[in-house]
Structure formats: C-alpha cells, structure tokens
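Below is run.txt, which holds compact mmCIF, C-alpha atoms and all ligand atoms.
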```txt
# COMPACT_ATOMS: atom_id res chain seq x y z
CA MET B 23 55.49 112.79 76.45
CA GLN B 24 52.43 113.47 74.36
CA GLU B 25 51.16 116.64 72.82
CA ASN B 26 47.86 117.73 74.35
CA GLU B 27 44.99 118.98 72.26
CA GLY B 28 46.05 122.53 72.99
CA GLY B 29 49.55 121.71 71.72
CA SER B 30 51.21 121.79 75.13
CA ILE B 31 53.16 118.94 76.65
CA ASP B 32 51.68 116.42 79.06
CA ILE B 33 54.26 116.04 81.79
CA GLY B 34 52.90 113.60 84.38
CA PHE B 35 55.01 113.08 87.53
CA TYR B 36 58.22 115.07 87.04
CA PHE B 37 61.25 113.19 88.38
CA ILE B 38 64.42 115.02 89.48
CA THR B 39 67.69 113.29 90.41
CA ASP B 40 69.38 113.99 93.74
CA ARG B 41 72.65 112.21 94.48
CA ARG B 42 72.77 113.42 98.09
CA LEU B 43 69.49 111.69 98.90
CA SER B 44 70.12 108.69 96.69
CA VAL B 45 70.68 105.33 98.35
CA ASN B 46 71.12 103.15 95.26
CA GLY B 47 72.72 105.69 92.93
CA ILE B 48 71.16 108.14 90.51
CA PHE B 49 71.15 105.74 87.54
CA GLU B 50 69.20 103.16 89.54
CA ASP B 51 66.82 105.89 90.75
CA VAL B 52 66.25 107.01 87.16
CA ARG B 53 65.74 103.44 85.98
CA GLU B 54 63.20 102.78 88.72
CA ALA B 55 61.36 106.02 87.98
CA LEU B 56 61.19 105.09 84.30
CA GLU B 57 59.94 101.60 85.18
CA ALA B 58 57.26 103.27 87.30
CA GLY B 59 56.03 105.10 84.21
CA VAL B 60 57.68 108.53 84.50
CA LYS B 61 57.94 110.30 81.15
CA ILE B 62 60.26 113.16 82.09
CA ILE B 63 63.53 113.02 84.00
CA GLN B 64 65.49 116.05 85.11
CA TYR B 65 69.20 115.56 85.72
CA ARG B 66 69.96 118.03 88.52
CA GLU B 67 73.48 118.35 89.79
CA LYS B 68 74.88 121.31 91.64
CA GLN B 69 78.45 120.37 92.43
CA LEU B 70 79.82 117.84 90.02
CA PRO B 71 82.76 118.58 87.71
CA THR B 72 81.65 119.26 84.14
CA ARG B 73 83.29 116.11 82.76
CA LYS B 74 81.46 113.90 85.25
CA MET B 75 78.18 115.67 84.49
CA TYR B 76 78.73 115.15 80.80
CA GLU B 77 79.36 111.43 81.30
CA GLU B 78 76.37 110.98 83.59
CA GLY B 79 74.14 113.00 81.30
CA ILE B 80 74.97 110.72 78.39
CA GLU B 81 73.95 107.68 80.46
CA ILE B 82 70.71 109.27 81.69
CA GLY B 83 69.87 110.31 78.14
CA LYS B 84 70.37 106.71 76.97
CA LEU B 85 68.13 105.38 79.75
CA CYS B 86 65.41 107.91 78.94
CA ARG B 87 65.48 107.06 75.24
CA LYS B 88 65.15 103.39 76.04
CA TYR B 89 61.89 104.12 77.87
CA GLY B 90 60.61 106.81 75.53
CA ALA B 91 60.97 109.50 78.19
CA ARG B 92 62.26 113.07 77.96
CA TYR B 93 65.67 113.90 79.35
CA ILE B 94 66.02 117.43 80.74
CA VAL B 95 69.11 119.05 82.28
CA ASN B 96 68.84 121.51 85.16
CA ASP B 97 70.68 124.86 84.87
CA ARG B 98 73.43 123.74 82.49
CA ILE B 99 72.69 124.52 78.86
CA ASP B 100 76.18 123.42 77.89
CA ILE B 101 75.58 119.96 79.35
CA ALA B 102 72.10 119.80 77.81
CA MET B 103 73.49 120.59 74.36
CA ALA B 104 76.55 118.37 74.66
CA THR B 105 74.52 115.36 75.82
CA ASP B 106 71.75 115.88 73.26
CA ALA B 107 69.09 116.49 75.90
CA ASP B 108 65.44 117.00 75.03
CA GLY B 109 65.44 120.13 77.11
CA VAL B 110 66.77 122.32 79.84
CA HIS B 111 65.28 123.72 83.03
CA ILE B 112 66.33 127.19 84.07
CA GLY B 113 65.75 129.34 87.13
CA GLN B 114 65.48 133.09 87.49
CA GLU B 115 69.23 133.37 88.02
CA ASP B 116 70.34 131.01 85.28
CA MET B 117 70.87 131.72 81.59
CA PRO B 118 68.19 134.15 80.33
CA LEU B 119 65.31 132.36 78.59
CA GLU B 120 65.84 134.29 75.37
CA ILE B 121 69.46 133.11 75.16
CA ALA B 122 68.54 129.55 76.09
CA ARG B 123 65.91 129.58 73.34
CA ASN B 124 68.43 130.83 70.79
CA LEU B 125 70.89 128.13 71.79
CA MET B 126 68.29 125.35 71.83
CA PRO B 127 65.54 126.40 69.43
CA ASP B 128 63.64 123.12 69.43
CA ALA B 129 64.22 122.06 73.02
CA ILE B 130 61.72 121.82 75.84
CA ILE B 131 62.53 124.73 78.12
CA GLY B 132 61.14 124.87 81.64
CA VAL B 133 61.41 127.94 83.84
CA SER B 134 61.22 128.14 87.65
CA CYS B 135 58.81 130.81 88.87
CA SER B 136 57.61 131.87 92.28
CA ASN B 137 55.14 134.57 91.30
CA LEU B 138 52.67 135.54 88.57
CA GLU B 139 54.91 138.15 86.99
CA GLU B 140 57.72 135.63 86.43
CA ALA B 141 55.22 133.11 85.07
CA ILE B 142 53.74 135.50 82.51
CA LYS B 143 57.19 136.64 81.45
CA ALA B 144 58.35 133.03 81.00
CA GLU B 145 55.31 132.14 78.90
CA ARG B 146 55.78 135.21 76.71
CA GLY B 147 59.46 134.35 76.36
CA GLY B 148 58.63 130.95 74.92
CA ALA B 149 58.89 128.61 77.91
CA ASP B 150 57.22 125.21 77.42
CA TYR B 151 56.28 124.66 81.04
CA LEU B 152 56.70 126.30 84.45
CA GLY B 153 58.14 124.90 87.66
CA VAL B 154 56.24 126.75 90.39
CA GLY B 155 57.41 126.90 93.99
CA PRO B 156 58.60 126.19 96.50
CA ILE B 157 54.95 125.59 97.34
CA TYR B 158 55.81 124.36 100.84
CA ARG B 159 58.92 124.58 102.97
CA THR B 160 61.76 122.45 101.65
CA SER B 161 65.25 121.62 102.81
CA THR B 162 66.24 119.99 99.53
CA LYS B 163 67.06 123.28 97.79
CA GLU B 164 69.09 125.66 99.90
CA ASP B 165 68.19 128.86 98.05
CA ALA B 166 64.57 127.94 97.40
CA GLY B 167 63.22 131.09 99.05
CA ALA B 168 60.03 131.46 101.07
CA PRO B 169 57.14 129.08 100.39
CA THR B 170 54.59 130.45 97.93
CA GLY B 171 51.58 128.55 99.28
CA ILE B 172 49.13 126.77 96.99
CA GLU B 173 47.06 129.83 95.95
CA ILE B 174 49.79 130.80 93.49
CA LEU B 175 48.87 127.75 91.39
CA GLY B 176 45.34 128.97 90.63
CA GLU B 177 46.56 132.50 90.06
CA ILE B 178 49.10 131.34 87.47
CA LYS B 179 46.71 128.79 85.96
CA ARG B 180 44.16 131.51 85.24
CA ASN B 181 46.74 133.66 83.47
CA VAL B 182 49.03 131.34 81.54
CA ASN B 183 48.40 128.43 79.19
CA ILE B 184 51.57 126.35 79.52
CA PRO B 185 51.68 123.43 82.00
CA ILE B 186 52.43 124.10 85.65
CA VAL B 187 54.61 121.72 87.66
CA ALA B 188 54.25 122.32 91.40
CA ILE B 189 57.44 121.74 93.41
CA GLY B 190 58.79 122.13 96.93
CA GLY B 191 57.93 120.12 100.02
CA ILE B 192 55.40 117.99 98.18
CA THR B 193 54.28 114.67 99.65
CA LEU B 194 51.79 112.08 98.49
CA GLU B 195 49.26 113.52 100.91
CA ASN B 196 49.09 116.93 99.26
CA VAL B 197 48.97 115.87 95.59
CA ARG B 198 45.18 116.17 95.51
CA LYS B 199 45.17 119.71 96.92
CA LEU B 200 47.81 120.83 94.42
CA ILE B 201 45.98 119.45 91.40
CA GLU B 202 42.74 120.90 92.70
CA ALA B 203 44.44 124.27 93.11
CA GLY B 204 45.65 124.35 89.49
CA ALA B 205 48.83 122.28 89.13
CA ASP B 206 49.01 120.15 85.99
CA SER B 207 51.83 118.11 87.41
CA VAL B 208 53.90 117.71 90.55
CA SER B 209 57.52 117.04 91.32
CA ALA B 210 58.92 115.72 94.59
CA ILE B 211 62.49 114.91 95.50
CA SER B 212 62.83 113.99 99.19
CA ALA B 213 59.43 112.29 99.21
CA VAL B 214 60.54 109.79 96.56
CA ILE B 215 64.30 109.32 96.54
CA GLY B 216 65.65 106.71 98.93
CA GLU B 217 65.74 102.98 99.44
CA LYS B 218 62.50 102.44 97.53
CA THR B 219 62.56 105.16 94.90
CA GLY B 220 60.60 103.16 92.33
CA GLU B 221 57.80 102.24 94.74
CA ASN B 222 57.51 105.82 95.94
CA VAL B 223 57.41 107.18 92.41
CA ALA B 224 54.76 104.64 91.40
CA LYS B 225 52.54 105.89 94.23
CA PHE B 226 52.88 109.48 93.01
CA VAL B 227 52.16 108.46 89.42
CA LYS B 228 48.98 106.69 90.53
CA GLU B 229 47.85 109.47 92.85
CA MET B 230 48.40 112.13 90.19
CA GLU B 231 46.50 110.22 87.55
CA LYS B 232 43.62 109.71 89.93
CA TRP B 233 43.18 113.40 90.73
CA ARG B 234 43.97 114.67 87.27
CA MET B 235 41.09 112.60 85.95
CA ARG B 236 38.84 113.91 88.69
CA TYR B 237 39.72 117.55 88.25
CA ASP B 238 39.71 119.17 84.87
CA THR B 239 41.96 121.97 86.06
CA ASP B 240 41.60 124.04 82.91
CA ALA B 241 37.83 124.11 82.99
CA ARG B 242 37.65 124.66 86.74
CA CYS B 243 40.12 127.51 86.85
CA LYS B 244 38.61 129.30 83.88
CA GLU B 245 35.19 129.31 85.60
CA GLY B 246 36.61 131.57 88.24
CA ASN B 247 38.52 133.71 85.77
CA ASN B 248 37.18 137.20 85.35
CA HIS B 249 40.25 138.50 83.57
CA GLY B 250 39.43 136.90 80.22
N1 LIG L 1 63.00 123.83 93.22
C1 LIG L 1 62.15 124.45 94.03
S1 LIG L 1 61.93 123.59 95.47
C2 LIG L 1 62.99 122.38 94.98
C3 LIG L 1 63.51 122.66 93.73
C4 LIG L 1 64.46 121.87 92.98
C5 LIG L 1 63.34 121.21 95.84
C6 LIG L 1 62.22 120.24 95.95
O1 LIG L 1 62.58 119.16 96.75
P1 LIG L 1 61.59 118.48 97.78
O2 LIG L 1 62.43 117.50 98.53
O3 LIG L 1 60.55 117.76 96.96
O4 LIG L 1 61.03 119.54 98.65
MG MG L 2 68.59 126.65 88.39
```
So, in terms of structure tokens, how does the structure I just supplied come out?
Amino acid sequence: MQENEGGSIDIGFYFITDRRLSVNGIFEDVREALEAGVKIIQYREKQLPTRKMYEEGIEIGKLCRKYGARYIVNDRIDIAMATDADGVHIGQEDMPLEIARNLMPDAIIGVSCSNLEEAIKAERGGADYLGVGPIYRTSTKEDAGAPTGIEILGEIKRNVNIPIVAIGGITLENVRKLIEAGADSVSAISAVIGEKTGENVAKFVKEMEKWRMRYDTDARCKEGNNHG
C-alpha cells in the first residue's frame, strides 16, 4: 500500500476472507487475491477457536508479506498483535478505537461506520480508513443492520479526509456508482469468493482502477461542499 500525497493510505480493492463461502480454502482465496493484485487482506473469522485463528493468521501474514500486501485482522486485537498484523479492523461494538490505538500505536486501524457521526468520531479518534455500509442489502453479515444507501458515501466524503471503503452487497455492476458517489475503495465478499475467487477479484481490481481514474472523488465531492 502506498502513501498518497495527502498522507493517507491507498487501499485499492479490499479483500476479506470468508471460510463459509470459500470453495478452495481461505489460504488459496488469499493467494489468488494477492496474485490478482490486491494490496490489503482482511482475515475475518467469527467462530474459530483462538488457537486456530492464531495459526491461520500467521500463515496469512506470511502470504501477504510475500506479495507486499497489508495483513489486517477483523475484530480481534489480540490475534492482530500476536500474529504481527499490519492492522486491525474494528466495528462499533468491538474494542474502543482509543484502546485499540493504545495497544497498536503504529498499526493501520479501520473502523466500520454506518452514519456520518460515527465516521467523524472515528476520524477524530485516529482511524486510518473507514469501512462504510452495508451500502446494499447483504446476507453475508448477519448483524449488518439496514442498508445505508449510496448517498452516505458523498456525505462522509465531504466531511472526513481518511479513505472510505464501501461494503455490503457490492457487485461488479455497482462499482462505478459507488466510486462516483464518493467511495475511495470497495470491498465485496459474496461477489468474489467461490470457485473462481482470483478471476472475480481481478475483475473488481480492473473495474475499480478504471473508475477511480475517471472520477477524482476528492475534487468532485469538494465542489459540492458548502460546509468548508
Ligand atoms: N460489513 C458490512 S457488510 C459486510 C461486512 C463484513 C458483509 C459484506 O459481504 P457481501 O457479501 O459483499 O455483501
Ligand atoms: Mg467487528
């Protein structure tokens, strides 16, 4: 991941593991995503015993390092620290951001938000990027809550400076709309993980690059910003 001119991280397509949807196993999914050019991998596991998570995290970290990609752990700061992760992703009901920051001072910390207030609070609290959603209806995350719709992306974009990763029900067909609306990056789970994870990811990587070049989201959103 590179530093942008403004000092923030350039995320690209954000890949998240899902063993329930996986056909070839999460390591193979991660490897294929990395081959497809993904620069950030989130290890997301809701039910595995800690020991197993630790062991898997070590392997995913190794794979990411081999490809020069960032390895992020969802929810579990203990696993992130123990497996020497580059970062951790936390939701509104996980470890408070302030505590996470104290525990991992130099890590990349992402925070899930579903409204402007949460987004502003996360930025002020030192988050490095935001996961915003669920934009659309999703059945991948049981407690995802009601869809936010795409307007939230522009609203947050106009008021925060850290990168926005749109998530929830995203398919290849709506990548353009999301980038146009203010997303810097997108993440998709069910639309990519399966028999052909690598091929699916490659399509997202290409589609995102295409529209990110076309839309300078920062410039466009600031034009419509009357709040300074
Ligand atoms: N956070 C908000 S929605 C979601 C997560 C992890 C699930 C996204 O999965 P899908 O299959 O891309 O809708
Ligand atoms: Mg969480």
### Task
Could you give me the residues within 7 Å of ligand LIG 1 (chain L), counting only C-alpha atoms and all ligand atoms, as a PyMOL selection string?
chain B and resi 155-156+159-163+166+189-192+209-213
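Taking CA of Leu152 in chain B as the reference point, CA of Val133 in chain B is found at 5.0 Å.
With a cut-off of 10 Å and using only C-alpha atoms and all ligand atoms, the polymer residues contacting ligand MG 2 (chain L) are Arg66, Glu67, Lys68, Val95, Asn96, Asp97, Arg98, Val110, His111, Ile112, Gly113, Gln114, Glu115, Asp116, Met117, Val133, Ser134, Asp165 and Ala166 of chain B.
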Only C-alpha atoms, please: the residues just picked out, written as a CSV table (one decimal), in the frame of the given file.
```csv
chain,number,residue,atom,x,y,z
B,66,ARG,CA,70.0,118.0,88.5
B,67,GLU,CA,73.5,118.4,89.8
B,68,LYS,CA,74.9,121.3,91.6
B,95,VAL,CA,69.1,119.0,82.3
B,96,ASN,CA,68.8,121.5,85.2
B,97,ASP,CA,70.7,124.9,84.9
B,98,ARG,CA,73.4,123.7,82.5
B,110,VAL,CA,66.8,122.3,79.8
B,111,HIS,CA,65.3,123.7,83.0
B,112,ILE,CA,66.3,127.2,84.1
B,113,GLY,CA,65.8,129.3,87.1
B,114,GLN,CA,65.5,133.1,87.5
B,115,GLU,CA,69.2,133.4,88.0
B,116,ASP,CA,70.3,131.0,85.3
B,117,MET,CA,70.9,131.7,81.6
B,133,VAL,CA,61.4,127.9,83.8
B,134,SER,CA,61.2,128.1,87.6
B,165,ASP,CA,68.2,128.9,98.0
B,166,ALA,CA,64.6,127.9,97.4
```
If you take every atom of range 68-72 of chain B that the file lists and fit an axis-aligned box around them with 6 Å extra on each side, what centre and edge lengths come out in Å to one decimal, as lines of an AutoDock Vina configuration file?
```
center_x = 78.8
center_y = 119.6
center_z = 88.3
size_x = 19.9
size_y = 15.5
size_z = 20.3
```
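The gap separating CA of Trp233 in chain B from CA of Gly171 in chain B is 19.3 Å, in Å to one decimal.
Take the candidates B:Ile130, B:Leu56, B:Ile184, B:Ile178 and check each one against Gly204 in chain B using all atoms listed in the file; the shortest distance goes to B:Ile178.
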### Message
What's around Asp206 in chain B at 7 Å? Count only C-alpha atoms, leave out sequence neighbours fewer than 5 positions away in its own chain, and write the answer as a PyMOL selection string.
### Response
chain B and resi 185-187+201
Produce a file of the selected residues containing C-alpha atoms, as a PDB file, keeping the file's coordinate frame.
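Result file out_39.pdb:
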```
ATOM      1  CA  PRO B 185      51.680 123.430  82.000  1.00  0.00           C
ATOM      2  CA  ILE B 186      52.430 124.100  85.650  1.00  0.00           C
ATOM      3  CA  VAL B 187      54.610 121.720  87.660  1.00  0.00           C
ATOM      4  CA  ILE B 201      45.980 119.450  91.400  1.00  0.00           C
TER       5      ILE B 201
END
```
## Note on the structure
From CA of Thr193 in chain B to CA of Ile215 in chain B the spacing works out at 11.8 Å
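Taking only C-alpha atoms, the non-local environment of Thr39 in chain B within 9 Å (same-chain residues fewer than 2 positions away omitted) comprises B:Phe37, B:Arg41, B:Leu43, B:Ser44, B:Ile48, B:Phe49, B:Asp51, B:Val52, B:Ile63, B:Gln64, B:Tyr65, B:Arg66, B:Glu67, B:Ile211, B:Ile215.
For the choices B:Ala55, B:Leu175, B:Arg92, B:Ile101, the atom-to-atom distance to Pro71 in chain B is smallest for B:Ile101 when using only C-alpha atoms.
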### Task
Pick out the closest residue to Tyr158 in chain B from this set: B:Ile172, B:Asn137, B:Gly90, B:Glu57. Count all atoms listed in the file.
B:Ile172
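Restricting the calculation to all atoms listed in the file, the smallest distance between Phe226 in chain B and any of B:Ala168, B:Ala104, B:Val214, B:Ile33 is found for B:Val214.
Comparing B:Lys228, B:Arg53, B:Lys61, B:Arg146 by their smallest distance to Gly34 in chain B, the closest is B:Lys61 (using only C-alpha atoms).
Proximity ranking of B:Glu202, B:Pro169, B:Arg87, B:Gly153 relative to Arg236 in chain B places B:Glu202 first, based on only C-alpha atoms.
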### Task
Using only C-alpha atoms, find all polymer residues with an atom at most 12 Å away from the point (56.9, 136.4, 78.4); report them as number ranges by chain.
B: 118-120, 133, 138-150, 152, 181-184
### Task
Counting all atoms listed in the file, write as a PyMOL selection string all protein and nucleic acid residues lying at most 9 Å from (57.5, 105.0, 93.0) in the file's frame.
chain B and resi 54-55+57-59+214-215+218-227
